[in-house]
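Report on the structure given below.
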Amino acid sequence: MDLTLLTGYGFWNPLLWLAFLLIFGGISYFLWALRGNPAYKPGTEQVKPFISGNPEPAKDLVHIRARHIYWGFVEGLRGYYSFARKMHTGDVRDYALWYLGVGVVVLILLVGGI
Amino acid sequence: MIVEYLPQQFVQNLPALIIAIPLLGAFIAPLLKKHGRAAAGWTVAITGMAFLLAILLMDYVRASQGGMVVYVFGADSPGLTLPSGYTVPVRIMFQIDGLGVLMAFLCTLLPFLAAVYSVGFARKETGLEKYYALMMLMTVGMLGMVLTGDIFNLFVFLEINSIAGAALVGFRNYRGEAAEAGFKYIAISAFGALMVLFSIGILYGKYGNLNIAYLSGVIEYSRLDLIALGLLLTTFALKCGAAPMHHWVPDAYGEAPGSISMMMVISSLSSLYALIRVCFILFGGIVISLPAVGWILIIMGLISMLLGATMSLIQKDIKRFIGYQAVSQTGYMVMAIGVGLAVMGDPVAMQTYGRNALTAGLFHLINDAIYMGLLFLAASAVIYAARTRNMDEMGGLARKMPYTAVFFLIGAASIGGLPPFSGFASKLLIYESVFAFNPVLAVVAMVTSIIALAAFAKQFAAVFLGPPLSNLKRVRESPRSMLIAMAVVAFLTVLFGLYPQLVIDWLVRPAVEAMLNLAGYGAWGGA
């Protein structure tokens, strides 16, 4: 079976991607095998995090939670998110109003011939 | 062709059987009230049979003249559209072309997988006979919508689909949020259905007929017809979850049981099908000189893509998160179809990129149904095991649920447009075709895809990676039936990514030809 997708302007063949993965996977493995840190000793004090001599907190306490990820992105777009949150009130009457509003605009555009 | 080896009478009645069998299954399911597992097995068998019938129907439509089958209910012969002495069609009929069989394929495949998933997922629920009966009724509603050639029956099946869907969204009524989501869905659906009925009333009052093929030949560029078009367009856009009328989507998808969330995806896509049918066939004769229709869809698509993707980033509920991503993905399809509509009146543009945009939109529709279904199944498996929906309370689940983690990752990679998964192929087609129309559209689509990928990286990291948390020590991998359903959907996601051209040639191309074959669709419709 042919794996090539003709897009109209070019083509895509997943075999190219697999070849890419194999080549770069091979290079990565080669680098890892060649230059792995010989001083690394798993299971020793060496691999524990160093927090200025303080004991390591429980994993639950330092786990990166969903709310922590992209905090900066959301904070940076605070204005946009403030608007978007207001748009999503959860009130079914607002849902109906949005539907009516869009319907009116569509009818003006179509019937009004804009 | 398989149908050549089957009895002719059976083959001719396939369009009726594909509706009748799940309908019969739905009415028998309540009799299995005291045997929840029997109801589950019955539903798997019935939906599986419907899927096989859809495959046969596809074969039958391909073998038929003009790639179209017309089935007249109650006629002396199923193909007798205009009995002697009649100049207009009067009976209820199904008219099935390449677009219809594409949708029938999805509308039977996903309910079948949802039924398999439910065997393990819903076993602890009560009232399973109602659950499974509604599931089969919803399948009937979706199938009817995509097979009918009659606009009033489109409304009837839309209602069956919506009512069964709303009951299933609110099925776990011990959760107040589920009951509320079900109510919101039925309220907004009923409002929309009323407008559909009003539009049908306009068309019936003016032309005295409800047959789509007949109406497509007589529709005029009048104010009344444009009002009907506007109402149908807005309502089906609402029902397919296009922004800014998407608010019900995260509510309904988020609160529905996992298998039903997957069915809700294809239910929404059935409404997108209705939107396509209305724009390309029913009103195809006037939309060709009305590029505003295409632009309305393009703008809705752009808003859906950006709003859905960005809103998903701030969700805590794992399924609401995916619900907003579903809105974003709907935007891709609506935009691509809008581009096709906007250039309908320009044969050169249509040939250069319009056809590709439509191909891309329909291919994305198939992929969206599959990977979105996979994501909902995997997310529901996580909720089932972890007993929480809050992503802030999750972490390290890949160690406890390795298979679910892999399935989720496949779905996430596909929706993020990573090669070699199916989402990449359809998004590539969308970027290229809409770029030729307007580069800004392609830029927005790419930015949205990057946001989607980033959002799913967040979700995967927060839910599956990191050390196992103390509150999730007792979590175990999902039951086998859930894993089997997820494995099949994941396999399809990979398969459609590896062989995109095969899917396009087999399913999408005939559907695009059918969309643009206005003359062929209405050829028999009388005068």
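Here, A, B, ... name the chains of the structure tokens in the order displayed, residue numbers run from 1 inside each chain, and ligands are numbered from 1 in the same displayed order.
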
Any chance you could tabulate, as JSON lines, the residues of chain A at most 7 Å from chain B with each one's nearest atom pair and distance in Å to one decimal, using only C-alpha atoms, in chain and rising number order?
```
{"residue": "A:Leu3", "atom": "CA", "partner": "B:Tyr499", "partner_atom": "CA", "distance": 5.2}
{"residue": "A:Thr4", "atom": "CA", "partner": "B:Gln501", "partner_atom": "CA", "distance": 6.6}
{"residue": "A:Leu5", "atom": "CA", "partner": "B:Gln501", "partner_atom": "CA", "distance": 4.9}
{"residue": "A:Thr7", "atom": "CA", "partner": "B:Leu429", "partner_atom": "CA", "distance": 5.7}
{"residue": "A:Pro14", "atom": "CA", "partner": "B:Pro420", "partner_atom": "CA", "distance": 5.5}
{"residue": "A:Trp17", "atom": "CA", "partner": "B:Pro420", "partner_atom": "CA", "distance": 6.9}
{"residue": "A:Lys59", "atom": "CA", "partner": "B:Pro467", "partner_atom": "CA", "distance": 6.6}
{"residue": "A:Asp60", "atom": "CA", "partner": "B:Leu469", "partner_atom": "CA", "distance": 5.7}
{"residue": "A:His63", "atom": "CA", "partner": "B:Gly466", "partner_atom": "CA", "distance": 6.9}
{"residue": "A:Ile64", "atom": "CA", "partner": "B:Ala462", "partner_atom": "CA", "distance": 6.9}
{"residue": "A:Arg65", "atom": "CA", "partner": "B:Asp392", "partner_atom": "CA", "distance": 5.1}
{"residue": "A:Ala66", "atom": "CA", "partner": "B:Ala462", "partner_atom": "CA", "distance": 4.9}
{"residue": "A:Arg67", "atom": "CA", "partner": "B:Asp392", "partner_atom": "CA", "distance": 6.4}
{"residue": "A:Ile69", "atom": "CA", "partner": "B:Lys458", "partner_atom": "CA", "distance": 6.3}
{"residue": "A:His88", "atom": "CA", "partner": "B:His247", "partner_atom": "CA", "distance": 6.7}
{"residue": "A:Val92", "atom": "CA", "partner": "B:Lys184", "partner_atom": "CA", "distance": 5.8}
{"residue": "A:Tyr95", "atom": "CA", "partner": "B:His247", "partner_atom": "CA", "distance": 6.3}
{"residue": "A:Ala96", "atom": "CA", "partner": "B:Ile188", "partner_atom": "CA", "distance": 6.5}
{"residue": "A:Trp98", "atom": "CA", "partner": "B:Met245", "partner_atom": "CA", "distance": 5.9}
{"residue": "A:Tyr99", "atom": "CA", "partner": "B:Met245", "partner_atom": "CA", "distance": 5.7}
{"residue": "A:Gly103", "atom": "CA", "partner": "B:Thr234", "partner_atom": "CA", "distance": 5.6}
{"residue": "A:Val106", "atom": "CA", "partner": "B:Gly230", "partner_atom": "CA", "distance": 6.0}
{"residue": "A:Leu107", "atom": "CA", "partner": "B:Gly230", "partner_atom": "CA", "distance": 5.4}
{"residue": "A:Leu110", "atom": "CA", "partner": "B:Leu226", "partner_atom": "CA", "distance": 6.4}
{"residue": "A:Val111", "atom": "CA", "partner": "B:Leu226", "partner_atom": "CA", "distance": 5.9}
```

Discussion item. I need the strand (DSSP E) residues of chain A per DSSP on the backbone, written as JSON, numbers by chain.
Written reply: {"A": [5, 6, 11, 12]}

Limited to C-alpha atoms, could you put the picked residues into a file as a CSV table (one decimal), in the first residue's frame?
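Result went into part.csv, see below:
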```
chain,number,residue,atom,x,y,z
A,5,LEU,CA,-0.2,11.6,0.9
A,6,LEU,CA,-0.5,14.1,-2.0
A,11,PHE,CA,3.6,15.3,-0.4
A,12,TRP,CA,3.9,13.6,3.0
```

Practice prompt. Mind listing the helix (DSSP H, G or I) residues of stretch 40-114 of chain A, per DSSP on the backbone, as a PyMOL selection string?
Written response: chain A and resi 45-47+59-62+66-68+71-76+78-87+92-111

Could you write out the selected residues, including N, CA and C atoms, as a compact mmCIF listing (two decimals), in the first residue's frame?
```
# COMPACT_ATOMS: atom_id res chain seq x y z
N GLU A 45 24.05 8.89 47.62
CA GLU A 45 23.74 10.26 48.04
C GLU A 45 23.83 11.23 46.86
N GLN A 46 24.67 10.84 45.91
CA GLN A 46 24.97 11.70 44.77
C GLN A 46 23.72 12.10 43.97
N VAL A 47 22.75 11.20 43.92
CA VAL A 47 21.60 11.48 43.06
C VAL A 47 20.46 12.19 43.80
N LYS A 59 7.32 13.90 48.19
CA LYS A 59 7.09 14.12 46.76
C LYS A 59 5.79 14.87 46.50
N ASP A 60 4.74 14.58 47.29
CA ASP A 60 3.45 15.25 47.10
C ASP A 60 3.57 16.76 47.22
N LEU A 61 4.47 17.18 48.11
CA LEU A 61 4.58 18.62 48.39
C LEU A 61 5.31 19.38 47.29
N VAL A 62 6.16 18.68 46.55
CA VAL A 62 6.93 19.39 45.52
C VAL A 62 6.49 19.02 44.10
N ALA A 66 -1.10 20.63 37.90
CA ALA A 66 -1.61 21.19 36.63
C ALA A 66 -1.68 22.71 36.69
N ARG A 67 -2.08 23.27 37.84
CA ARG A 67 -2.26 24.72 37.93
C ARG A 67 -0.94 25.48 37.84
N HIS A 68 0.17 24.78 38.10
CA HIS A 68 1.47 25.45 38.05
C HIS A 68 1.97 25.63 36.62
N TRP A 71 1.50 28.93 34.20
CA TRP A 71 0.98 30.00 35.06
C TRP A 71 1.35 31.36 34.45
N GLY A 72 2.59 31.46 33.98
CA GLY A 72 3.05 32.74 33.43
C GLY A 72 2.29 33.12 32.17
N PHE A 73 1.99 32.14 31.36
CA PHE A 73 1.25 32.39 30.10
C PHE A 73 -0.14 32.97 30.42
N VAL A 74 -0.79 32.33 31.37
CA VAL A 74 -2.14 32.78 31.74
C VAL A 74 -2.08 34.16 32.40
N GLU A 75 -1.06 34.36 33.21
CA GLU A 75 -0.91 35.65 33.90
C GLU A 75 -0.61 36.76 32.87
N GLY A 76 0.21 36.39 31.88
CA GLY A 76 0.56 37.37 30.84
C GLY A 76 -0.65 37.77 30.00
N ARG A 78 -3.74 38.03 31.13
CA ARG A 78 -4.80 38.21 32.13
C ARG A 78 -6.01 38.95 31.55
N GLY A 79 -5.74 39.97 30.75
CA GLY A 79 -6.83 40.76 30.17
C GLY A 79 -7.72 39.92 29.29
N TYR A 80 -7.08 39.11 28.44
CA TYR A 80 -7.84 38.24 27.55
C TYR A 80 -8.64 37.22 28.35
N TYR A 81 -7.99 36.61 29.33
CA TYR A 81 -8.68 35.57 30.11
C TYR A 81 -9.81 36.15 30.96
N SER A 82 -9.63 37.39 31.38
CA SER A 82 -10.71 38.04 32.15
C SER A 82 -11.96 38.15 31.27
N PHE A 83 -11.75 38.55 30.01
CA PHE A 83 -12.86 38.66 29.06
C PHE A 83 -13.45 37.27 28.75
N ALA A 84 -12.55 36.31 28.49
CA ALA A 84 -13.01 34.97 28.09
C ALA A 84 -13.78 34.30 29.23
N ARG A 85 -13.32 34.53 30.46
CA ARG A 85 -14.03 33.92 31.61
C ARG A 85 -15.42 34.51 31.75
N LYS A 86 -15.52 35.83 31.53
CA LYS A 86 -16.83 36.49 31.65
C LYS A 86 -17.81 35.95 30.60
N MET A 87 -17.24 35.52 29.48
CA MET A 87 -18.07 35.01 28.39
C MET A 87 -18.67 33.64 28.75
N VAL A 92 -27.49 28.96 31.37
CA VAL A 92 -28.06 28.53 30.09
C VAL A 92 -28.78 29.69 29.37
N ARG A 93 -29.23 30.68 30.14
CA ARG A 93 -29.88 31.84 29.49
C ARG A 93 -28.87 32.61 28.65
N ASP A 94 -27.63 32.67 29.15
CA ASP A 94 -26.57 33.32 28.36
C ASP A 94 -26.25 32.53 27.10
N TYR A 95 -26.30 31.19 27.23
CA TYR A 95 -26.05 30.35 26.05
C TYR A 95 -27.08 30.70 24.97
N ALA A 96 -28.34 30.81 25.40
CA ALA A 96 -29.41 31.12 24.45
C ALA A 96 -29.21 32.51 23.86
N LEU A 97 -28.73 33.44 24.69
CA LEU A 97 -28.52 34.80 24.18
C LEU A 97 -27.40 34.84 23.14
N TRP A 98 -26.34 34.09 23.38
CA TRP A 98 -25.26 34.02 22.38
C TRP A 98 -25.79 33.46 21.06
N TYR A 99 -26.62 32.43 21.18
CA TYR A 99 -27.21 31.82 19.98
C TYR A 99 -28.08 32.83 19.24
N LEU A 100 -28.90 33.53 20.00
CA LEU A 100 -29.77 34.53 19.37
C LEU A 100 -28.95 35.64 18.72
N GLY A 101 -27.93 36.09 19.45
CA GLY A 101 -27.07 37.17 18.94
C GLY A 101 -26.40 36.78 17.64
N VAL A 102 -25.83 35.57 17.62
CA VAL A 102 -25.15 35.12 16.39
C VAL A 102 -26.18 34.97 15.27
N GLY A 103 -27.36 34.45 15.61
CA GLY A 103 -28.42 34.29 14.61
C GLY A 103 -28.79 35.62 13.99
N VAL A 104 -28.90 36.64 14.82
CA VAL A 104 -29.27 37.97 14.30
C VAL A 104 -28.19 38.50 13.35
N VAL A 105 -26.92 38.34 13.78
CA VAL A 105 -25.81 38.82 12.92
C VAL A 105 -25.82 38.07 11.59
N VAL A 106 -26.00 36.74 11.65
CA VAL A 106 -26.01 35.94 10.42
C VAL A 106 -27.15 36.39 9.50
N LEU A 107 -28.32 36.62 10.08
CA LEU A 107 -29.46 37.04 9.26
C LEU A 107 -29.23 38.42 8.65
N ILE A 108 -28.61 39.32 9.44
CA ILE A 108 -28.32 40.66 8.89
C ILE A 108 -27.36 40.52 7.71
N LEU A 109 -26.34 39.67 7.89
CA LEU A 109 -25.35 39.50 6.82
C LEU A 109 -25.97 38.88 5.57
N LEU A 110 -26.82 37.88 5.77
CA LEU A 110 -27.39 37.19 4.60
C LEU A 110 -28.54 37.97 3.97
N VAL A 111 -29.51 38.34 4.79
CA VAL A 111 -30.70 39.00 4.24
C VAL A 111 -30.38 40.45 3.88
```

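We find atom CA of B:Gly294 and atom CA of B:Gly323 to be spaced 25.3 Å apart.
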
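Here atom CA of B:Phe94 stands at a distance of 13.0 Å from atom CA of B:Gly522.
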
Discussion item. I want to know what sits within 10 Å of stretch 107-118 of chain B, based on only C-alpha atoms, with residues of the same chain fewer than 6 positions away left out; could you give that as a VMD selection string?
Written reply: chain B and resid 18 22 40 to 55 101 128 131 to 132 135 to 136 138 to 144 146 257 to 267 269 to 270 369 to 370 373 377 381 479 to 486 488 to 489

Residues as selected, C-alpha atoms, written as a tab-separated table (two decimals), in the first residue's frame, can you do that?
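After the write, part_34.tsv holds the following:
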```tsv
chain	number	residue	atom	x	y	z
B	18	ILE	CA	-29.34	0.00	9.44
B	22	PRO	CA	-30.57	-0.40	16.51
B	40	ALA	CA	-24.28	-4.64	27.63
B	41	GLY	CA	-23.70	-7.73	25.48
B	42	TRP	CA	-26.91	-7.03	23.54
B	43	THR	CA	-25.80	-3.47	22.81
B	44	VAL	CA	-22.34	-4.58	21.69
B	45	ALA	CA	-23.99	-7.11	19.34
B	46	ILE	CA	-26.53	-4.63	17.94
B	47	THR	CA	-24.07	-1.77	17.44
B	48	GLY	CA	-21.57	-4.21	15.95
B	49	MET	CA	-24.23	-5.40	13.52
B	50	ALA	CA	-25.04	-1.80	12.63
B	51	PHE	CA	-21.36	-1.21	11.91
B	52	LEU	CA	-21.24	-4.23	9.59
B	53	LEU	CA	-24.37	-2.98	7.83
B	54	ALA	CA	-22.68	0.42	7.39
B	55	ILE	CA	-19.74	-1.30	5.68
B	101	VAL	CA	-21.84	6.66	3.99
B	128	LEU	CA	-28.07	0.09	32.74
B	131	TYR	CA	-28.35	3.58	29.48
B	132	TYR	CA	-27.96	1.04	26.72
B	135	MET	CA	-27.24	4.64	23.53
B	136	MET	CA	-28.89	2.72	20.70
B	138	MET	CA	-28.86	8.01	19.97
B	139	THR	CA	-27.23	5.87	17.29
B	140	VAL	CA	-30.56	5.74	15.45
B	141	GLY	CA	-30.85	9.53	15.67
B	142	MET	CA	-27.37	10.10	14.26
B	143	LEU	CA	-27.80	7.53	11.50
B	144	GLY	CA	-31.17	8.97	10.51
B	146	VAL	CA	-26.97	11.41	7.94
B	257	PRO	CA	-19.94	9.23	31.03
B	258	GLY	CA	-16.73	8.63	29.03
B	259	SER	CA	-18.27	6.41	26.38
B	260	ILE	CA	-21.07	8.93	25.89
B	261	SER	CA	-18.57	11.78	25.53
B	262	MET	CA	-17.18	9.86	22.57
B	263	MET	CA	-20.69	9.48	21.15
B	264	MET	CA	-21.36	13.18	21.75
B	265	VAL	CA	-18.39	13.97	19.52
B	266	ILE	CA	-19.91	12.11	16.59
B	267	SER	CA	-23.35	13.48	17.47
B	269	LEU	CA	-20.27	15.99	13.84
B	270	SER	CA	-23.67	14.76	12.58
B	369	ALA	CA	-14.01	11.74	15.75
B	370	ILE	CA	-11.34	9.12	16.36
B	373	GLY	CA	-12.98	9.78	21.16
B	377	LEU	CA	-12.04	7.35	26.74
B	381	ALA	CA	-10.45	5.78	32.45
B	479	PRO	CA	-10.70	-3.06	33.08
B	480	ARG	CA	-10.02	-5.08	29.96
B	481	SER	CA	-13.04	-3.99	27.90
B	482	MET	CA	-12.05	-0.35	28.35
B	483	LEU	CA	-8.49	-1.12	27.28
B	484	ILE	CA	-9.72	-3.02	24.21
B	485	ALA	CA	-11.90	-0.10	23.08
B	486	MET	CA	-9.06	2.37	23.63
B	488	VAL	CA	-8.84	-0.12	18.74
B	489	VAL	CA	-9.27	3.65	18.60
```

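Once B:Tyr71 and its same-chain neighbours fewer than 5 positions away are set aside, Val11, Gln12, Asn13, Leu14, Pro15, Ala16, Leu17, Leu57, Val61, Asp76, Ser77, Pro78, Gly79, Leu80, Thr81, Leu82, Pro89, Arg91, Ile92, Met93, Phe94, Gln95, Ile96, Asp97, Leu147, Thr148, Gly149 and Asp150 of chain B remain within 12 Å of it when counting only C-alpha atoms.
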
Worksheet, complete the sentence: Residue with the minimum atom-to-atom distance to B:Gln329, picked from B:Val196, B:Ala349, B:Leu210, B:Leu365 with only C-alpha atoms counted, is B:Leu365

Practice prompt. Kindly indicate which residue among B:Leu56, B:Leu302, B:Ile19, B:Ile383 lies nearest to B:Leu6, using only C-alpha atoms for the distances.
Written response: B:Leu56
